[in-house]
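Student: The structure follows.
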Amino acid sequence: KKRVISGVQPTGTVHLGNYLGAIRNWVLLQETYETLFFIADLHAITLPYAVPQFAEATRNTAAIYLACGVDTSKASVFVQSHVHAHVELMWLLCCDMPTGQLNRMIQFKEKSRISGVENVGAGLLTYPVLMAADILLYQSDFVPVGEDQMQHLELTRELAEKMNSLYGGRKGKKLGGAGLFKVPEALIQPTGARVMSLTDGLSKMSKSSPSDMSRINLLDSKDVIANKIRRCKTDSYSGLEFDNPDRPECNNLLSIYQLITGRTKEEVAMECQSMSWGTFKTNFTEALVNHLLPIQARYEEITSDPAYLDQVLSQGAAKAAVIAEATLNSFYQAKGFLCR
Ligand code: TYM
């Protein structure tokens with residue numbers, strides 16, 4: 001079976017972008033592939049974070065995965081820091097990773113602008129190498145992510161190829177025959193890969209935006225959702241349409257509507273072509289609330305039993321560690337280390 005890996009950081013709350021861009025697709029992929037989904041806690045500490053709530057945020061993110069339909073009889077769900085090989089492989093990869101290239105990464109430039117490049121922690125710079133380690137450890141074939149992760153995936157592919165050519169001599173061939181590391185592919189859906197902010201159709205929906213009005217969180221109540229949609233940015237055209245570059249908000253809301261109702265783009269375009277914003281907002285709110293209610297109910301159920309979650313995470317980590325250790329050991333060997 002081909003292998004799939006992906007993760008979400010336990011920073012802030014999971015929003016519609018994370019769901020439509022990533023988690024929703026995981027649920028489909030677990031039917032066909034061997035899947036591993038982890039909570040990227042080590043990535044979450046690259047920027048200032050709330051220490052007292054951190055463990056709980058990690059557990060709650062796992063609960064969101066399960067509530068969205070990740071099935072632990074099919075997928076391994078684990079916490080990144082519970083599998084030590086992630087950090088270890090990252091270090092090995094870091095030593096062959098040119099800092100110039102890391103300095104040019106889009107997310108590094110964006111995220112370091114806030115506190116200044118001189119002041120950010122070194123972890124923010126090496127963040128993409130940790131992500132490459134997450135993926136390469138499992139010899140993953142596919143990585144389902146949103147569009148914002150594309151550059152990280154390209155770097156991962158480059159690193160895999162570089163390691164294979166530097167160290168993948170005869171010893172490396174033992175591992176799958178194709179070199180030390182499998183070169184993974186990003187899986188980016190045509191719709192949902194870039195869900196935009198509710199208050200600005202030109203910037204993406206993000207956990208780090210200071211305004212909660214810009215995003216729908218999966219755990220938002222009915223009233224909060226209704227209020228956010230009532231006040232979200234629209235325009236003064238009549239009728240609604242996809243793909244008009246002058247109407248980014250309209251395109252975004254229709255795309256979200258399409259995804260959560262499970263209709264085709266054509267169906268939605270027809271239904272909404274002469275609809276008023278008022279009517280659309282009512283329908284949209286109802287569709288969203290109906291889609292999220294069962295997820296929220298499952299979330300409540302799952303989080304009411306922390307022992308169950310801890311057991312899921314411990315089994316997931318144990319399964320993941322077996323694969324990760326094998327890759328790590330072969331890599332140490334290929335790099336000429338004296339092995340235990
Ligand atoms: P994170 O936590 O920022 O986001 C989790 C997933 O949600 C997607 N996403 C979006 N998709 C569509 N529209 C949006 N507005 C939107 N915002 C976020 C992201 O693309 C991502 O798929 N570095 C990763 C976590 C990570 C990871 C990995 C992912 C660490 N190691 C290995 C895959 C494989 C991150 O910060 O995602």
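To be explicit about the labels: the chains of the structure tokens are called A, B, and onward in the order shown, and within each one the residues are counted from 1, while ligands get numbers from 1 in the order they are shown.
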List the neighbours of Val14 in chain A out to 7 Å using only C-alpha atoms; skip same-chain residues closer than 2 positions along the sequence, and give me the result as JSON, numbers by chain.
Tutor: {"A": [12, 18, 217, 218]}
Student: Find the residues near ligand 1. Use a cut-off of 6 Å, count only C-alpha atoms and all ligand atoms, and write them as a list in words.
Tutor: Ile5, Ser6, Gly7, Val8, Gln9, Gly17, Asn18, Gly21, Ala22, Ala40, Met131, Asp134, Ile135, Val143, Val145, Gly146, Glu147, Asp148, Gln149, Gly192, Ala193, Arg194, Val195, Met196, Lys204, Met205 and Ser206 of chain A
Student: Could you pull the residues within 9 Å of Ala44 in chain A, counting only C-alpha atoms, minus those fewer than 3 positions along the same chain, as an MDAnalysis selection string?
Tutor: chainID A and resid 9:11 40:41 47:49
Student: Using only C-alpha atoms, find the one residue out of A:Gly262, A:Pro248, A:Pro184, A:Gly278 that sits nearest to Ile229 in chain A.
Tutor: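 Ranking A:Gly262, A:Pro248, A:Pro184, A:Gly278 by distance to Ile229 in chain A, first place goes to A:Gly278.
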Student: Just list the residues in range 76-224 of chain A DSSP gives alpha helix (DSSP H) on the backbone, as a compact mmCIF listing (two decimals) with N, CA, C and O atoms, in the first residue's frame.
Tutor:
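Below is the file that was written, states-v5.txt:
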# COMPACT_ATOMS: atom_id res chain seq x y z
N ALA A 85 12.51 10.05 16.61
CA ALA A 85 13.26 10.06 15.36
C ALA A 85 13.06 11.34 14.54
O ALA A 85 13.92 11.70 13.74
N HIS A 86 11.94 12.04 14.75
CA HIS A 86 11.70 13.26 13.97
C HIS A 86 12.82 14.29 14.18
O HIS A 86 13.39 14.82 13.24
N VAL A 87 13.10 14.54 15.45
CA VAL A 87 14.12 15.56 15.77
C VAL A 87 15.50 15.06 15.35
O VAL A 87 16.33 15.82 14.86
N GLU A 88 15.71 13.78 15.53
CA GLU A 88 17.02 13.23 15.21
C GLU A 88 17.31 13.30 13.71
O GLU A 88 18.38 13.72 13.29
N LEU A 89 16.33 12.91 12.92
CA LEU A 89 16.54 12.98 11.47
C LEU A 89 16.69 14.44 11.04
O LEU A 89 17.47 14.77 10.16
N MET A 90 15.94 15.32 11.70
CA MET A 90 16.06 16.73 11.35
C MET A 90 17.49 17.20 11.48
O MET A 90 18.01 17.90 10.62
N TRP A 91 18.14 16.81 12.55
CA TRP A 91 19.53 17.26 12.74
C TRP A 91 20.42 16.74 11.61
O TRP A 91 21.23 17.49 11.06
N LEU A 92 20.25 15.48 11.27
CA LEU A 92 21.08 14.90 10.21
C LEU A 92 20.85 15.66 8.91
O LEU A 92 21.80 15.95 8.17
N LEU A 93 19.59 15.98 8.63
CA LEU A 93 19.27 16.69 7.38
C LEU A 93 19.78 18.13 7.43
O LEU A 93 20.25 18.67 6.42
N CYS A 94 19.68 18.74 8.60
CA CYS A 94 20.11 20.14 8.76
C CYS A 94 21.56 20.34 8.32
O CYS A 94 21.92 21.38 7.78
N THR A 99 21.78 27.20 4.54
CA THR A 99 20.99 28.20 5.28
C THR A 99 20.44 29.27 4.34
O THR A 99 19.39 29.85 4.61
N GLY A 100 21.14 29.51 3.24
CA GLY A 100 20.67 30.54 2.30
C GLY A 100 19.28 30.21 1.79
O GLY A 100 18.39 31.07 1.72
N GLN A 101 19.09 28.93 1.48
CA GLN A 101 17.79 28.50 0.96
C GLN A 101 16.70 28.62 2.03
O GLN A 101 15.58 29.02 1.74
N LEU A 102 17.05 28.30 3.27
CA LEU A 102 16.08 28.42 4.36
C LEU A 102 15.69 29.88 4.58
O LEU A 102 14.54 30.21 4.84
N ASN A 103 16.68 30.75 4.45
CA ASN A 103 16.43 32.19 4.60
C ASN A 103 15.46 32.73 3.57
O ASN A 103 14.80 33.73 3.80
N ILE A 106 9.33 31.38 1.92
CA ILE A 106 8.28 32.40 2.06
C ILE A 106 7.77 32.49 3.49
O ILE A 106 7.66 33.57 4.06
N GLN A 107 7.45 31.31 4.09
CA GLN A 107 6.87 31.36 5.44
C GLN A 107 7.87 31.89 6.46
O GLN A 107 7.48 32.58 7.40
N PHE A 108 9.15 31.59 6.27
CA PHE A 108 10.14 32.14 7.19
C PHE A 108 10.18 33.66 7.08
O PHE A 108 10.20 34.36 8.09
N LYS A 109 10.15 34.14 5.87
CA LYS A 109 10.20 35.59 5.68
C LYS A 109 8.97 36.26 6.30
O LYS A 109 9.08 37.26 6.99
N GLU A 110 7.79 35.63 6.05
CA GLU A 110 6.56 36.22 6.60
C GLU A 110 6.55 36.19 8.13
O GLU A 110 6.26 37.18 8.78
N LYS A 111 6.88 35.01 8.69
CA LYS A 111 6.76 34.84 10.13
C LYS A 111 7.85 35.56 10.90
O LYS A 111 7.67 35.92 12.06
N SER A 112 9.02 35.74 10.28
CA SER A 112 10.11 36.39 11.01
C SER A 112 10.01 37.91 10.94
O SER A 112 10.66 38.61 11.71
N ARG A 113 9.16 38.39 10.05
CA ARG A 113 9.02 39.84 9.91
C ARG A 113 8.50 40.47 11.21
O ARG A 113 8.91 41.55 11.61
N ILE A 114 7.62 39.71 11.89
CA ILE A 114 6.97 40.25 13.09
C ILE A 114 7.98 40.61 14.18
O ILE A 114 7.98 41.73 14.69
N SER A 115 8.87 39.66 14.51
CA SER A 115 9.81 39.98 15.59
C SER A 115 11.21 40.34 15.07
O SER A 115 12.10 40.66 15.86
N ALA A 122 16.11 29.98 16.15
CA ALA A 122 16.68 29.24 15.04
C ALA A 122 15.71 28.17 14.53
O ALA A 122 15.76 27.76 13.38
N GLY A 123 14.81 27.74 15.41
CA GLY A 123 13.83 26.71 15.03
C GLY A 123 12.91 27.18 13.91
O GLY A 123 12.45 26.36 13.10
N LEU A 124 12.65 28.47 13.86
CA LEU A 124 11.79 28.97 12.79
C LEU A 124 12.48 28.83 11.43
O LEU A 124 11.86 28.55 10.42
N LEU A 125 13.80 29.00 11.46
CA LEU A 125 14.57 28.86 10.22
C LEU A 125 14.63 27.39 9.77
O LEU A 125 14.47 27.08 8.60
N THR A 126 14.82 26.49 10.74
CA THR A 126 14.97 25.07 10.38
C THR A 126 13.63 24.33 10.32
O THR A 126 13.59 23.13 10.05
N TYR A 127 12.57 25.04 10.55
CA TYR A 127 11.20 24.50 10.50
C TYR A 127 10.97 23.59 9.28
O TYR A 127 10.48 22.46 9.41
N PRO A 128 11.33 24.05 8.06
CA PRO A 128 11.06 23.20 6.89
C PRO A 128 11.86 21.90 6.90
O PRO A 128 11.43 20.91 6.30
N VAL A 129 13.01 21.90 7.58
CA VAL A 129 13.82 20.67 7.62
C VAL A 129 13.16 19.66 8.56
O VAL A 129 13.16 18.45 8.29
N LEU A 130 12.56 20.16 9.63
CA LEU A 130 11.79 19.27 10.52
C LEU A 130 10.61 18.68 9.75
O LEU A 130 10.29 17.50 9.87
N MET A 131 9.99 19.50 8.94
CA MET A 131 8.85 19.01 8.15
C MET A 131 9.32 17.96 7.14
O MET A 131 8.65 16.94 6.94
N ALA A 132 10.49 18.18 6.55
CA ALA A 132 11.03 17.17 5.62
C ALA A 132 11.29 15.87 6.38
O ALA A 132 10.98 14.77 5.89
N ALA A 133 11.82 15.98 7.60
CA ALA A 133 12.07 14.78 8.41
C ALA A 133 10.77 14.04 8.69
O ALA A 133 10.70 12.81 8.56
N ASP A 134 9.71 14.79 9.03
CA ASP A 134 8.40 14.17 9.29
C ASP A 134 7.97 13.28 8.13
O ASP A 134 7.40 12.21 8.32
N ILE A 135 8.21 13.77 6.95
CA ILE A 135 7.72 13.09 5.75
C ILE A 135 8.65 11.95 5.33
O ILE A 135 8.22 10.83 5.06
N LEU A 136 9.96 12.23 5.32
CA LEU A 136 10.92 11.26 4.80
C LEU A 136 11.09 10.06 5.73
O LEU A 136 11.35 8.95 5.26
N MET A 150 3.18 24.10 -0.22
CA MET A 150 3.82 23.65 -1.47
C MET A 150 5.34 23.83 -1.45
O MET A 150 6.09 22.93 -1.83
N GLN A 151 5.76 25.02 -1.00
CA GLN A 151 7.21 25.27 -1.02
C GLN A 151 7.95 24.32 -0.07
O GLN A 151 9.05 23.86 -0.38
N HIS A 152 7.32 24.01 1.06
CA HIS A 152 7.94 23.06 1.99
C HIS A 152 8.05 21.66 1.37
O HIS A 152 9.01 20.94 1.60
N LEU A 153 7.05 21.32 0.60
CA LEU A 153 7.08 20.00 -0.06
C LEU A 153 8.17 19.94 -1.13
O LEU A 153 8.84 18.92 -1.29
N GLU A 154 8.34 21.05 -1.83
CA GLU A 154 9.41 21.08 -2.84
C GLU A 154 10.77 20.92 -2.18
O GLU A 154 11.63 20.19 -2.68
N LEU A 155 10.95 21.60 -1.07
CA LEU A 155 12.21 21.48 -0.34
C LEU A 155 12.43 20.04 0.15
O LEU A 155 13.53 19.50 0.08
N THR A 156 11.36 19.40 0.59
CA THR A 156 11.45 18.01 1.05
C THR A 156 11.90 17.09 -0.09
O THR A 156 12.76 16.23 0.09
N ARG A 157 11.31 17.30 -1.25
CA ARG A 157 11.68 16.48 -2.42
C ARG A 157 13.16 16.69 -2.78
O ARG A 157 13.89 15.73 -3.04
N GLU A 158 13.58 17.94 -2.77
CA GLU A 158 14.98 18.24 -3.08
C GLU A 158 15.92 17.58 -2.10
O GLU A 158 16.95 17.03 -2.48
N LEU A 159 15.56 17.67 -0.81
CA LEU A 159 16.41 17.07 0.22
C LEU A 159 16.50 15.56 0.04
O LEU A 159 17.58 14.98 0.17
N ALA A 160 15.37 14.94 -0.26
CA ALA A 160 15.37 13.49 -0.46
C ALA A 160 16.31 13.11 -1.60
O ALA A 160 17.14 12.20 -1.48
N GLU A 161 16.20 13.85 -2.69
CA GLU A 161 17.05 13.54 -3.84
C GLU A 161 18.52 13.77 -3.52
O GLU A 161 19.39 12.99 -3.90
N LYS A 162 18.77 14.84 -2.80
CA LYS A 162 20.15 15.15 -2.43
C LYS A 162 20.74 14.06 -1.52
O LYS A 162 21.87 13.61 -1.71
N MET A 163 19.96 13.62 -0.53
CA MET A 163 20.44 12.57 0.38
C MET A 163 20.67 11.27 -0.38
O MET A 163 21.66 10.57 -0.15
N ASN A 164 19.74 10.98 -1.30
CA ASN A 164 19.89 9.74 -2.08
C ASN A 164 21.17 9.78 -2.91
O ASN A 164 21.87 8.79 -3.03
N SER A 165 21.48 10.95 -3.47
CA SER A 165 22.66 10.97 -4.31
C SER A 165 23.94 11.08 -3.47
O SER A 165 24.97 10.53 -3.84
N LEU A 166 23.87 11.74 -2.30
CA LEU A 166 25.09 11.85 -1.48
C LEU A 166 25.41 10.55 -0.75
O LEU A 166 26.57 10.16 -0.64
N TYR A 167 24.38 9.90 -0.21
CA TYR A 167 24.63 8.76 0.69
C TYR A 167 23.95 7.46 0.25
O TYR A 167 24.11 6.44 0.90
N ARG A 170 25.42 1.81 -2.28
CA ARG A 170 24.91 0.45 -2.29
C ARG A 170 24.05 0.16 -1.07
O ARG A 170 23.01 -0.47 -1.16
N LYS A 171 24.50 0.66 0.09
CA LYS A 171 23.73 0.42 1.32
C LYS A 171 22.32 0.99 1.20
O LYS A 171 21.35 0.37 1.59
N GLY A 172 22.23 2.18 0.63
CA GLY A 172 20.95 2.86 0.51
C GLY A 172 19.96 2.08 -0.33
O GLY A 172 18.76 2.11 -0.09
N LYS A 173 20.48 1.35 -1.29
CA LYS A 173 19.61 0.61 -2.21
C LYS A 173 18.76 -0.43 -1.48
O LYS A 173 17.70 -0.84 -1.95
N LYS A 222 -23.25 27.93 16.65
CA LYS A 222 -24.19 28.38 15.62
C LYS A 222 -24.27 29.91 15.57
O LYS A 222 -24.21 30.52 14.50
N ASP A 223 -24.40 30.52 16.75
CA ASP A 223 -24.53 31.98 16.81
C ASP A 223 -23.27 32.69 16.34
O ASP A 223 -23.34 33.70 15.64
N VAL A 224 -22.14 32.16 16.73
CA VAL A 224 -20.88 32.77 16.30
C VAL A 224 -20.74 32.67 14.78
O VAL A 224 -20.38 33.64 14.10
Student: Just list the residues in range 32-260 of chain A DSSP gives strand (DSSP E or B) on the backbone, as an NGL selection string.
Tutor: :A and (34-39 or 75-79 or 142-144 or 185-187 or 196 or 204 or 217)
Student: Using only C-alpha atoms, which residues sit within 6 Å of Gly316 in chain A once same-chain residues fewer than 4 positions away are excluded, as a list in words?
Tutor: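 Contacts, in chain order: Ser76, Val77 and Phe78 of chain A.
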Student: Using only C-alpha atoms, which protein or nucleic acid residues come within 12 Å of Ala326 in chain A? Drop anything in the same chain fewer than 6 positions from it, and give the result as number ranges by chain.
Tutor: A: 85, 89, 136-139, 174-176, 180-181, 319-320, 332-333
Student: Can you write out as CSV which residues of range 25-131 of chain A fall within 8 Å of range 307-314 of chain A, alongside each residue's closest atom pair and its distance in Å to one decimal, counting only C-alpha atoms and ordering rows by chain and ascending residue number?
Tutor:
residue,atom,partner,partner_atom,distance
A:Arg59,CA,A:Leu309,CA,7.4
A:Ala62,CA,A:Leu309,CA,7.7
A:Ala63,CA,A:Leu309,CA,7.3
A:Thr72,CA,A:Val312,CA,7.3
A:Val77,CA,A:Leu313,CA,5.9
A:Phe78,CA,A:Leu313,CA,4.7
A:Val79,CA,A:Leu313,CA,6.7
Student: Go through A:Ala57, A:Val289, A:Phe242, A:Val51 one by one, measure the shortest atom-to-atom distance of each to Ser255 in chain A using only C-alpha atoms, and give the residue with the smallest value.
Tutor: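 Using only C-alpha atoms, the shortest distance to Ser255 in chain A belongs to A:Phe242.
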Student: Identify, on the basis of only C-alpha atoms, every residue whose closest approach to Ser221 in chain A does not exceed 9 Å; exclude the query and any residue fewer than 5 positions from it along the same chain; express the result as a list in words.
Tutor: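 Returned residues: Ala226, Val289, Leu293 and Gln296 of chain A.
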Student: Would you kindly return, as JSON, numbers by chain, each protein, DNA or RNA residue with an atom no farther than 10 Å from any atom of Ile295 in chain A, considering only C-alpha atoms and excluding same-chain residues fewer than 4 positions away?
Tutor: {"A": [64, 65, 66, 67, 68, 69, 218, 219, 290, 291, 299, 300, 301]}
Student: Could those selected residues go to a file with C-alpha atoms, as an mmCIF file, in the first residue's frame?
Tutor:
data_model
loop_
_atom_site.group_PDB
_atom_site.id
_atom_site.type_symbol
_atom_site.label_atom_id
_atom_site.label_comp_id
_atom_site.auth_asym_id
_atom_site.auth_seq_id
_atom_site.Cartn_x
_atom_site.Cartn_y
_atom_site.Cartn_z
ATOM 1 C CA ILE A 64 -10.529 17.192 16.094
ATOM 2 C CA TYR A 65 -8.919 14.672 13.732
ATOM 3 C CA LEU A 66 -11.110 11.896 15.101
ATOM 4 C CA ALA A 67 -14.217 14.104 15.168
ATOM 5 C CA CYS A 68 -13.676 14.931 11.488
ATOM 6 C CA GLY A 69 -13.688 11.244 10.660
ATOM 7 C CA LEU A 218 -14.609 24.082 13.483
ATOM 8 C CA LEU A 219 -15.835 24.485 17.061
ATOM 9 C CA ASN A 290 -25.416 21.507 9.638
ATOM 10 C CA HIS A 291 -22.055 20.323 8.419
ATOM 11 C CA TYR A 299 -15.619 16.247 19.496
ATOM 12 C CA GLU A 300 -17.494 16.646 22.787
ATOM 13 C CA GLU A 301 -17.810 12.918 23.117
#
Student: Interatomic distance between CA of Phe38 in chain A and CA of Gln80 in chain A?
Tutor: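 Value for the CA of Phe38 in chain A-CA of Gln80 in chain A distance: 5.9 Å.
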Student: Could you check the closest approach to Leu16 in chain A for each of A:Ser209, A:Ser236, A:Gln30, A:Ser197 and tell me which residue wins, using only C-alpha atoms?
Tutor: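 Of the candidates, the smallest distance to Leu16 in chain A is held by A:Ser197.
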Student: As an exercise, work out the distance from CA of Pro306 in chain A to CA of Thr32 in chain A in Å and give it to one decimal place.
Tutor: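 Computing it gives 29.0 Å between the two atoms.
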Student: Could you work out how far CA of Glu34 in chain A lies from CA of Lys1 in chain A, giving the answer in Å with one decimal?
Tutor: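 Calculated distance between CA of Lys1 in chain A and CA of Glu34 in chain A is 6.1 Å.
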Student: Just checking: using only C-alpha atoms, which residue out of A:Gln315, A:Asn60, A:Asn227, A:Asn252 ends up closest to Ser73 in chain A?
Tutor: A:Gln315
